[in-house]
Structure formats: structure tokens, C-alpha cells
$ cat protein.tsv   # TSV, N, CA and C atoms
chain	number	residue	atom	x	y	z
Q	435	MET	N	55.85	102.13	32.52
Q	435	MET	CA	54.90	103.16	32.86
Q	435	MET	C	55.42	103.89	34.07
Q	436	SER	N	55.37	105.14	33.99
Q	436	SER	CA	55.90	105.91	35.11
Q	436	SER	C	54.84	106.83	35.65
Q	437	SER	N	54.96	107.12	36.93
Q	437	SER	CA	54.04	108.06	37.55
Q	437	SER	C	54.56	109.46	37.31
Q	438	GLU	N	53.91	110.45	37.85
Q	438	GLU	CA	54.31	111.83	37.64
Q	438	GLU	C	55.70	112.10	38.22
Q	439	SER	N	56.07	111.40	39.27
Q	439	SER	CA	57.37	111.62	39.88
Q	439	SER	C	58.48	110.94	39.10
Q	440	GLY	N	58.10	110.13	38.11
Q	440	GLY	CA	59.10	109.47	37.30
Q	440	GLY	C	59.48	108.11	37.82
Q	441	ALA	N	58.95	107.71	38.98
Q	441	ALA	CA	59.30	106.41	39.54
Q	441	ALA	C	58.42	105.34	38.91
Q	442	MET	N	58.97	104.17	38.77
Q	442	MET	CA	58.24	103.03	38.22
Q	442	MET	C	57.39	102.41	39.33
Q	443	PRO	N	56.19	101.96	39.03
Q	443	PRO	CA	55.37	101.29	40.05
Q	443	PRO	C	56.00	99.95	40.42
Q	444	ALA	N	55.73	99.52	41.63
Q	444	ALA	CA	56.27	98.24	42.11
Q	444	ALA	C	55.68	97.11	41.27
Q	445	ALA	N	56.44	96.04	41.15
Q	445	ALA	CA	55.99	94.89	40.36
Q	445	ALA	C	54.72	94.31	40.96
Q	446	GLY	N	53.75	94.02	40.13
Q	446	GLY	CA	52.51	93.41	40.59
Q	446	GLY	C	51.49	94.40	41.10
Q	447	SER	N	51.84	95.68	41.17
Q	447	SER	CA	50.90	96.66	41.70
Q	447	SER	C	50.21	97.46	40.61
Q	448	GLU	N	50.38	97.05	39.38
Q	448	GLU	CA	49.75	97.76	38.28
Q	448	GLU	C	48.25	97.54	38.30
Q	449	ALA	N	47.51	98.57	38.01
Q	449	ALA	CA	46.06	98.47	38.00
Q	449	ALA	C	45.61	97.63	36.81
Q	450	VAL	N	44.68	96.75	37.05
Q	450	VAL	CA	44.13	95.94	35.98
Q	450	VAL	C	42.93	96.68	35.42
Q	451	PRO	N	42.94	96.95	34.11
Q	451	PRO	CA	41.81	97.69	33.54
Q	451	PRO	C	40.54	96.83	33.59
Q	452	VAL	N	39.45	97.48	33.92
Q	452	VAL	CA	38.16	96.80	33.98
Q	452	VAL	C	37.49	96.96	32.62
Q	453	ALA	N	37.03	95.85	32.09
Q	453	ALA	CA	36.36	95.89	30.80
Q	453	ALA	C	35.08	96.70	30.91
Q	454	ALA	N	34.80	97.47	29.90
Q	454	ALA	CA	33.64	98.35	29.93
Q	454	ALA	C	32.34	97.57	30.07
Q	455	GLY	N	32.27	96.38	29.52
Q	455	GLY	CA	31.03	95.62	29.56
Q	455	GLY	C	30.93	94.66	30.72
Q	456	SER	N	31.89	94.67	31.65
Q	456	SER	CA	31.86	93.68	32.73
Q	456	SER	C	30.66	93.87	33.66
Q	457	ALA	N	30.27	95.12	33.91
Q	457	ALA	CA	29.08	95.35	34.75
Q	457	ALA	C	27.84	94.85	34.02
Q	458	LEU	N	27.79	95.08	32.73
Q	458	LEU	CA	26.66	94.59	31.93
Q	458	LEU	C	26.61	93.07	31.96
Q	459	ASN	N	27.77	92.43	31.83
Q	459	ASN	CA	27.81	90.97	31.87
Q	459	ASN	C	27.38	90.45	33.22
Q	460	GLY	N	27.72	91.15	34.29
Q	460	GLY	CA	27.29	90.75	35.63
Q	460	GLY	C	25.78	90.77	35.77
Q	461	TRP	N	25.15	91.84	35.29
Q	461	TRP	CA	23.69	91.93	35.36
Q	461	TRP	C	23.05	90.93	34.41
Q	462	ARG	N	23.71	90.65	33.29
Q	462	ARG	CA	23.19	89.64	32.36
Q	462	ARG	C	23.20	88.26	33.03
Q	463	MET	N	24.24	87.99	33.81
Q	463	MET	CA	24.31	86.72	34.53
Q	463	MET	C	23.20	86.63	35.58
Q	464	VAL	N	22.93	87.73	36.27
Q	464	VAL	CA	21.84	87.76	37.26
Q	464	VAL	C	20.51	87.49	36.56
Q	465	ALA	N	20.30	88.13	35.43
Q	465	ALA	CA	19.04	87.93	34.69
Q	465	ALA	C	18.93	86.50	34.18
Q	466	THR	N	20.04	85.93	33.71
Q	466	THR	CA	20.02	84.54	33.25
Q	466	THR	C	19.69	83.60	34.40
Q	467	GLY	N	20.26	83.87	35.57
Q	467	GLY	CA	19.94	83.07	36.76
Q	467	GLY	C	18.47	83.19	37.13
Q	468	ALA	N	17.92	84.40	37.00
Q	468	ALA	CA	16.50	84.60	37.32
Q	468	ALA	C	15.61	83.83	36.36
Q	469	VAL	N	15.97	83.83	35.08
Q	469	VAL	CA	15.18	83.09	34.08
Q	469	VAL	C	15.25	81.59	34.36
Q	470	LEU	N	16.44	81.09	34.67
Q	470	LEU	CA	16.58	79.67	35.00
Q	470	LEU	C	15.80	79.31	36.26
Q	471	LEU	N	15.86	80.16	37.26
Q	471	LEU	CA	15.10	79.92	38.49
Q	471	LEU	C	13.60	79.94	38.21
Q	472	ALA	N	13.16	80.87	37.38
Q	472	ALA	CA	11.74	80.93	37.01
Q	472	ALA	C	11.31	79.65	36.32
Q	473	PHE	N	12.17	79.13	35.43
Q	473	PHE	CA	11.84	77.89	34.75
Q	473	PHE	C	11.77	76.73	35.74
Q	474	LEU	N	12.76	76.62	36.61
Q	474	LEU	CA	12.78	75.51	37.57
Q	474	LEU	C	11.58	75.55	38.52
Q	475	LEU	N	11.24	76.73	39.01
Q	475	LEU	CA	10.10	76.84	39.92
Q	475	LEU	C	8.79	76.47	39.24
Q	476	ARG	N	8.68	76.76	37.96
Q	476	ARG	CA	7.46	76.42	37.23
Q	476	ARG	C	7.41	74.94	36.85
Q	477	ALA	N	8.58	74.35	36.56
Q	477	ALA	CA	8.62	72.99	36.02
Q	477	ALA	C	8.65	71.90	37.09
Q	478	VAL	N	9.09	72.22	38.31
Q	478	VAL	CA	9.19	71.20	39.35
Q	478	VAL	C	7.79	70.70	39.70
Q	479	ASN	N	7.63	69.40	39.74
Q	479	ASN	CA	6.35	68.75	40.07
Q	479	ASN	C	5.22	69.18	39.15
Q	480	LEU	N	5.54	69.44	37.91
Q	480	LEU	CA	4.52	69.92	36.97
Q	480	LEU	C	3.40	68.92	36.77
Q	481	GLY	N	3.71	67.65	36.71
Q	481	GLY	CA	2.69	66.64	36.49
Q	481	GLY	C	2.24	65.94	37.76
Q	482	ALA	N	2.58	66.51	38.92
Q	482	ALA	CA	2.28	65.83	40.18
Q	482	ALA	C	0.78	65.83	40.50
Q	483	GLN	N	0.08	66.89	40.15
Q	483	GLN	CA	-1.35	66.95	40.45
Q	483	GLN	C	-2.16	66.53	39.22
Q	484	SER	N	-3.33	66.04	39.47
Q	484	SER	CA	-4.20	65.65	38.36
Q	484	SER	C	-4.73	66.91	37.66
Q	485	ILE	N	-5.32	66.69	36.51
Q	485	ILE	CA	-5.84	67.80	35.71
Q	485	ILE	C	-7.01	68.46	36.43
Q	486	TRP	N	-7.00	69.78	36.48
Q	486	TRP	CA	-8.10	70.53	37.08
Q	486	TRP	C	-9.17	70.78	36.02
Q	487	TYR	N	-10.32	71.27	36.46
Q	487	TYR	CA	-11.45	71.46	35.56
Q	487	TYR	C	-11.12	72.41	34.42
Q	488	ASP	N	-10.52	73.56	34.73
Q	488	ASP	CA	-10.22	74.53	33.68
Q	488	ASP	C	-9.18	73.99	32.68
Q	489	GLU	N	-8.25	73.17	33.17
Q	489	GLU	CA	-7.27	72.54	32.27
Q	489	GLU	C	-7.95	71.50	31.38
Q	490	ALA	N	-8.86	70.74	31.94
Q	490	ALA	CA	-9.59	69.75	31.15
Q	490	ALA	C	-10.43	70.44	30.08
Q	491	PHE	N	-11.04	71.57	30.43
Q	491	PHE	CA	-11.82	72.33	29.46
Q	491	PHE	C	-10.92	72.83	28.33
Q	492	SER	N	-9.74	73.34	28.68
Q	492	SER	CA	-8.80	73.82	27.67
Q	492	SER	C	-8.35	72.69	26.75
Q	493	LEU	N	-8.05	71.54	27.33
Q	493	LEU	CA	-7.62	70.39	26.53
Q	493	LEU	C	-8.73	69.92	25.60
Q	494	LEU	N	-9.94	69.91	26.10
Q	494	LEU	CA	-11.07	69.51	25.27
Q	494	LEU	C	-11.26	70.47	24.11
Q	495	LEU	N	-11.21	71.76	24.39
Q	495	LEU	CA	-11.41	72.77	23.36
Q	495	LEU	C	-10.27	72.75	22.34
Q	496	ALA	N	-9.05	72.47	22.79
Q	496	ALA	CA	-7.90	72.47	21.88
Q	496	ALA	C	-7.93	71.32	20.90
Q	497	ARG	N	-8.75	70.33	21.13
Q	497	ARG	CA	-8.84	69.18	20.21
Q	497	ARG	C	-9.65	69.51	18.96
Q	498	TYR	N	-10.44	70.58	19.02
Q	498	TYR	CA	-11.24	70.97	17.86
Q	498	TYR	C	-10.37	71.71	16.84
Q	499	GLY	N	-10.91	71.93	15.67
Q	499	GLY	CA	-10.22	72.71	14.64
Q	499	GLY	C	-10.29	74.20	14.97
Q	500	TYR	N	-9.56	75.00	14.20
Q	500	TYR	CA	-9.47	76.44	14.49
Q	500	TYR	C	-10.82	77.14	14.41
Q	501	GLY	N	-11.61	76.82	13.41
Q	501	GLY	CA	-12.93	77.45	13.27
Q	501	GLY	C	-13.86	77.08	14.42
Q	502	GLU	N	-13.82	75.82	14.81
Q	502	GLU	CA	-14.67	75.37	15.92
Q	502	GLU	C	-14.22	76.01	17.24
Q	503	ILE	N	-12.91	76.19	17.39
Q	503	ILE	CA	-12.41	76.86	18.60
Q	503	ILE	C	-12.94	78.29	18.67
Q	504	VAL	N	-12.92	78.99	17.53
Q	504	VAL	CA	-13.45	80.36	17.49
Q	504	VAL	C	-14.93	80.36	17.82
Q	505	ALA	N	-15.68	79.44	17.23
Q	505	ALA	CA	-17.12	79.38	17.48
Q	505	ALA	C	-17.42	79.10	18.95
Q	506	ARG	N	-16.67	78.20	19.55
Q	506	ARG	CA	-16.93	77.85	20.95
Q	506	ARG	C	-16.44	78.93	21.92
Q	507	THR	N	-15.35	79.62	21.58
Q	507	THR	CA	-14.88	80.68	22.48
Q	507	THR	C	-15.70	81.95	22.32
Q	508	ALA	N	-16.45	82.07	21.25
Q	508	ALA	CA	-17.32	83.23	21.08
Q	508	ALA	C	-18.38	83.26	22.17
Q	509	ARG	N	-18.70	82.09	22.70
Q	509	ARG	CA	-19.70	82.00	23.78
Q	509	ARG	C	-19.06	82.15	25.16
Q	510	ASP	N	-17.75	82.32	25.20
Q	510	ASP	CA	-17.01	82.39	26.46
Q	510	ASP	C	-16.33	83.76	26.56
Q	511	THR	N	-15.67	84.02	27.67
Q	511	THR	CA	-14.98	85.29	27.85
Q	511	THR	C	-13.52	85.23	27.41
Q	512	MET	N	-13.03	84.05	27.10
Q	512	MET	CA	-11.61	83.90	26.75
Q	512	MET	C	-11.42	83.97	25.23
Q	513	PRO	N	-10.42	84.74	24.77
Q	513	PRO	CA	-10.13	84.76	23.33
Q	513	PRO	C	-9.47	83.44	22.91
Q	514	PRO	N	-9.48	83.13	21.63
Q	514	PRO	CA	-9.07	81.79	21.18
Q	514	PRO	C	-7.56	81.56	21.07
Q	515	LEU	N	-6.71	82.56	21.25
Q	515	LEU	CA	-5.28	82.40	20.99
Q	515	LEU	C	-4.66	81.26	21.81
Q	516	TYR	N	-4.92	81.19	23.10
Q	516	TYR	CA	-4.34	80.14	23.93
Q	516	TYR	C	-4.78	78.75	23.44
Q	517	TYR	N	-6.03	78.63	23.09
Q	517	TYR	CA	-6.54	77.34	22.62
Q	517	TYR	C	-5.93	76.96	21.27
Q	518	TRP	N	-5.67	77.95	20.41
Q	518	TRP	CA	-4.99	77.68	19.15
Q	518	TRP	C	-3.57	77.20	19.41
Q	519	LEU	N	-2.87	77.90	20.32
Q	519	LEU	CA	-1.50	77.48	20.65
Q	519	LEU	C	-1.48	76.07	21.24
Q	520	LEU	N	-2.44	75.80	22.11
Q	520	LEU	CA	-2.52	74.46	22.71
Q	520	LEU	C	-2.86	73.42	21.64
Q	521	HIS	N	-3.68	73.80	20.68
Q	521	HIS	CA	-4.00	72.90	19.56
Q	521	HIS	C	-2.74	72.58	18.75
Q	522	LEU	N	-1.93	73.61	18.47
Q	522	LEU	CA	-0.67	73.40	17.75
Q	522	LEU	C	0.32	72.58	18.57
Q	523	TRP	N	0.37	72.88	19.87
Q	523	TRP	CA	1.29	72.19	20.78
Q	523	TRP	C	0.92	70.72	20.89
Q	524	GLY	N	-0.35	70.45	20.91
Q	524	GLY	CA	-0.82	69.07	21.00
Q	524	GLY	C	-0.89	68.59	22.44
Q	525	THR	N	-1.38	67.43	22.61
Q	525	THR	CA	-1.44	66.82	23.93
Q	525	THR	C	-0.66	65.52	23.86
Q	526	GLY	N	0.53	65.58	24.39
Q	526	GLY	CA	1.40	64.42	24.32
Q	526	GLY	C	1.15	63.42	25.42
Q	527	PRO	N	1.92	62.42	25.50
Q	527	PRO	CA	1.74	61.36	26.49
Q	527	PRO	C	1.92	61.73	27.92
Q	528	PRO	N	2.48	62.12	28.74
Q	528	PRO	CA	1.80	62.23	30.05
Q	528	PRO	C	0.87	63.43	30.02
Q	529	VAL	N	-0.38	63.16	30.03
Q	529	VAL	CA	-1.39	64.21	29.86
Q	529	VAL	C	-1.37	65.24	31.00
Q	530	ASP	N	-0.82	64.87	32.14
Q	530	ASP	CA	-0.73	65.83	33.25
Q	530	ASP	C	0.45	66.79	33.08
Q	531	PHE	N	1.46	66.39	32.34
Q	531	PHE	CA	2.68	67.20	32.21
Q	531	PHE	C	2.74	67.98	30.91
Q	532	TYR	N	2.59	67.32	29.81
Q	532	TYR	CA	2.86	67.89	28.49
Q	532	TYR	C	2.06	69.16	28.19
Q	533	PRO	N	0.75	69.18	28.36
Q	533	PRO	CA	0.01	70.42	28.04
Q	533	PRO	C	0.38	71.57	28.98
Q	534	ARG	N	0.71	71.28	30.21
Q	534	ARG	CA	1.08	72.33	31.16
Q	534	ARG	C	2.44	72.95	30.82
Q	535	PHE	N	3.27	72.20	30.11
Q	535	PHE	CA	4.60	72.69	29.78
Q	535	PHE	C	4.54	73.90	28.85
Q	536	LEU	N	3.51	74.03	28.05
Q	536	LEU	CA	3.34	75.21	27.21
Q	536	LEU	C	3.24	76.46	28.09
Q	537	SER	N	2.50	76.38	29.18
Q	537	SER	CA	2.39	77.51	30.09
Q	537	SER	C	3.70	77.79	30.82
Q	538	VAL	N	4.46	76.74	31.11
Q	538	VAL	CA	5.78	76.91	31.73
Q	538	VAL	C	6.68	77.71	30.78
Q	539	LEU	N	6.69	77.35	29.52
Q	539	LEU	CA	7.51	78.07	28.55
Q	539	LEU	C	7.06	79.53	28.41
Q	540	ALA	N	5.76	79.75	28.36
Q	540	ALA	CA	5.25	81.12	28.23
Q	540	ALA	C	5.61	81.95	29.46
Q	541	GLY	N	5.47	81.38	30.64
Q	541	GLY	CA	5.81	82.10	31.87
Q	541	GLY	C	7.29	82.41	31.96
Q	542	THR	N	8.12	81.46	31.56
Q	542	THR	CA	9.56	81.68	31.58
Q	542	THR	C	9.97	82.74	30.57
Q	543	CYS	N	9.37	82.70	29.41
Q	543	CYS	CA	9.67	83.72	28.40
Q	543	CYS	C	9.23	85.11	28.86
Q	544	SER	N	8.16	85.17	29.64
Q	544	SER	CA	7.72	86.48	30.13
Q	544	SER	C	8.75	87.08	31.08
Q	545	VAL	N	9.44	86.26	31.87
Q	545	VAL	CA	10.49	86.76	32.76
Q	545	VAL	C	11.63	87.34	31.92
Q	546	ALA	N	12.03	86.61	30.88
Q	546	ALA	CA	13.09	87.10	30.00
Q	546	ALA	C	12.66	88.37	29.27
Q	547	LEU	N	11.40	88.45	28.89
Q	547	LEU	CA	10.88	89.63	28.20
Q	547	LEU	C	10.88	90.86	29.10
Q	548	VAL	N	10.53	90.69	30.36
Q	548	VAL	CA	10.55	91.81	31.31
Q	548	VAL	C	11.98	92.34	31.44
Q	549	TYR	N	12.96	91.43	31.53
Q	549	TYR	CA	14.36	91.86	31.59
Q	549	TYR	C	14.74	92.64	30.33
Q	550	ALA	N	14.41	92.10	29.17
Q	550	ALA	CA	14.82	92.72	27.91
Q	550	ALA	C	14.19	94.11	27.74
Q	551	VAL	N	12.92	94.24	28.04
Q	551	VAL	CA	12.23	95.52	27.89
Q	551	VAL	C	12.76	96.53	28.92
Q	552	SER	N	12.97	96.10	30.15
Q	552	SER	CA	13.49	96.99	31.19
Q	552	SER	C	14.90	97.45	30.84
Q	553	LYS	N	15.72	96.55	30.32
Q	553	LYS	CA	17.08	96.89	29.91
Q	553	LYS	C	17.05	97.90	28.76
Q	554	LEU	N	16.13	97.70	27.85
Q	554	LEU	CA	16.02	98.60	26.69
Q	554	LEU	C	15.54	99.99	27.11
Q	555	LEU	N	14.55	100.02	28.02
Q	555	LEU	CA	13.97	101.30	28.42
Q	555	LEU	C	14.81	102.04	29.47
Q	556	VAL	N	15.47	101.29	30.36
Q	556	VAL	CA	16.22	101.95	31.44
Q	556	VAL	C	17.69	101.53	31.37
Q	557	ASP	N	18.04	100.41	31.99
Q	557	ASP	CA	19.41	99.87	31.92
Q	557	ASP	C	19.40	98.42	32.37
Q	558	ALA	N	20.57	97.77	32.27
Q	558	ALA	CA	20.68	96.34	32.58
Q	558	ALA	C	20.40	96.06	34.05
Q	559	ARG	N	20.82	96.94	34.93
Q	559	ARG	CA	20.58	96.73	36.37
Q	559	ARG	C	19.09	96.71	36.66
Q	560	THR	N	18.37	97.67	36.11
Q	560	THR	CA	16.92	97.72	36.31
Q	560	THR	C	16.26	96.50	35.71
Q	561	GLY	N	16.73	96.06	34.56
Q	561	GLY	CA	16.18	94.85	33.94
Q	561	GLY	C	16.38	93.63	34.80
Q	562	ALA	N	17.57	93.49	35.40
Q	562	ALA	CA	17.85	92.32	36.25
Q	562	ALA	C	17.03	92.38	37.53
Q	563	VAL	N	16.84	93.55	38.09
Q	563	VAL	CA	16.06	93.68	39.32
Q	563	VAL	C	14.58	93.45	39.04
Q	564	ALA	N	14.12	93.88	37.87
Q	564	ALA	CA	12.71	93.71	37.53
Q	564	ALA	C	12.40	92.25	37.37

$ encode --input "protein.tsv" --output "C-alpha cells"
Amino acid sequence: MSSESGAMPAAGSEAVPVAAGSALNGWRMVATGAVLLAFLLRAVNLGAQSIWYDEAFSLLLARYGYGEIVARTARDTMPPLYYWLLHLWGTGPPVDFYPRFLSVLAGTCSVALVYAVSKLLVDARTGAVA
């Protein structure tokens, strides 16, 4: 490769081409780190506290069938979707941890969703910052 003057560049001084997607991959790594951090912050000490009243109410309601959940939530302000999901998820053996993990997954997915929608509407940098 020669420059305009016809001289060859010095050995080792050739420019390394930057891949077109490297900036995108950098922001993707930032977003992945943010999602992992969101998961860790939500999951640490998840079962450390005892069940609160609203969690106990949700667990009780989730034990009923789908029709009964609808009937009981009709008297409340909350729609039945969360209780249906909790019913499907079940209540596994550490009762303080397992039911709360559904909310951890939903919260973590919401962080990833914000990145994806922001990236789609604006760009990867905005998605990672959001």
C-alpha cells in the first residue's frame, strides 16, 4: 500500500480497520451488564425477609383456580394477570424465595425490554443509557 507520495508506510504503522459493528457491540455489552446488575440487585437476599401481608394475600389468591381468581379480584382493584402467573409459577419450597423470584424475572426482563425498545426507536447508545 502506498501513500500519495508513493512511499510505503513504516512496518507496524498500518491503520487497523474498525469493524462497523464494534460500537454496537460495545453498547450491547453495556446493556448486558446492566441487565445482569439488575438481576443481581433484585435477587440478592431475596428470601431474607419474611412474607409481607400483600405477598401473603397474593400467595393465598394464587392457590385458587382461574375462575375463582377472577371472581375474587373482581372485588379488588388489581387485575387477575399477576395472580394467574403466580398460580402457574406455583409456590415452591422456600416460600420466602420462590414466589418472589417471579417478580425478579419480570423486573429483569423489563430492563432488557427498555434497552430493546430504545435501541429500536433511537439507537443502541440510547438503549444502553436508558

$ residues_around --input "protein.tsv" --residues "segment 530-538 of chain Q" --least-positions-apart "3" --cutoff "7 Å" --atoms "all atoms listed in the file" --output "list in words"
Phe473, Arg476, Ala477, Leu480, Gly481, Ala482, Gln483, Ser484, Ile485, Gly524, Thr525, Gly526, Pro527, Gly541, Thr542 and Cys543 of chain Q

$ residues_around --input "protein.tsv" --residues "segment 496-500 of chain Q" --least-positions-apart "6" --cutoff "7 Å" --atoms "all atoms listed in the file" --output "list in words"
Tyr517, Trp518, Leu520, His521 and Leu522 of chain Q

$ atom_distance --input "protein.tsv" --atom1 "atom CA of Ala465 of chain Q" --atom2 "atom CA of Gly561 of chain Q"
7.5 Å

$ atom_distance --input "protein.tsv" --atom1 "atom CA of Val469 of chain Q" --atom2 "atom C of Leu519 of chain Q"
22.2 Å

$ atom_distance --input "protein.tsv" --atom1 "atom C of Asn479 of chain Q" --atom2 "atom CA of Thr511 of chain Q"
28.2 Å
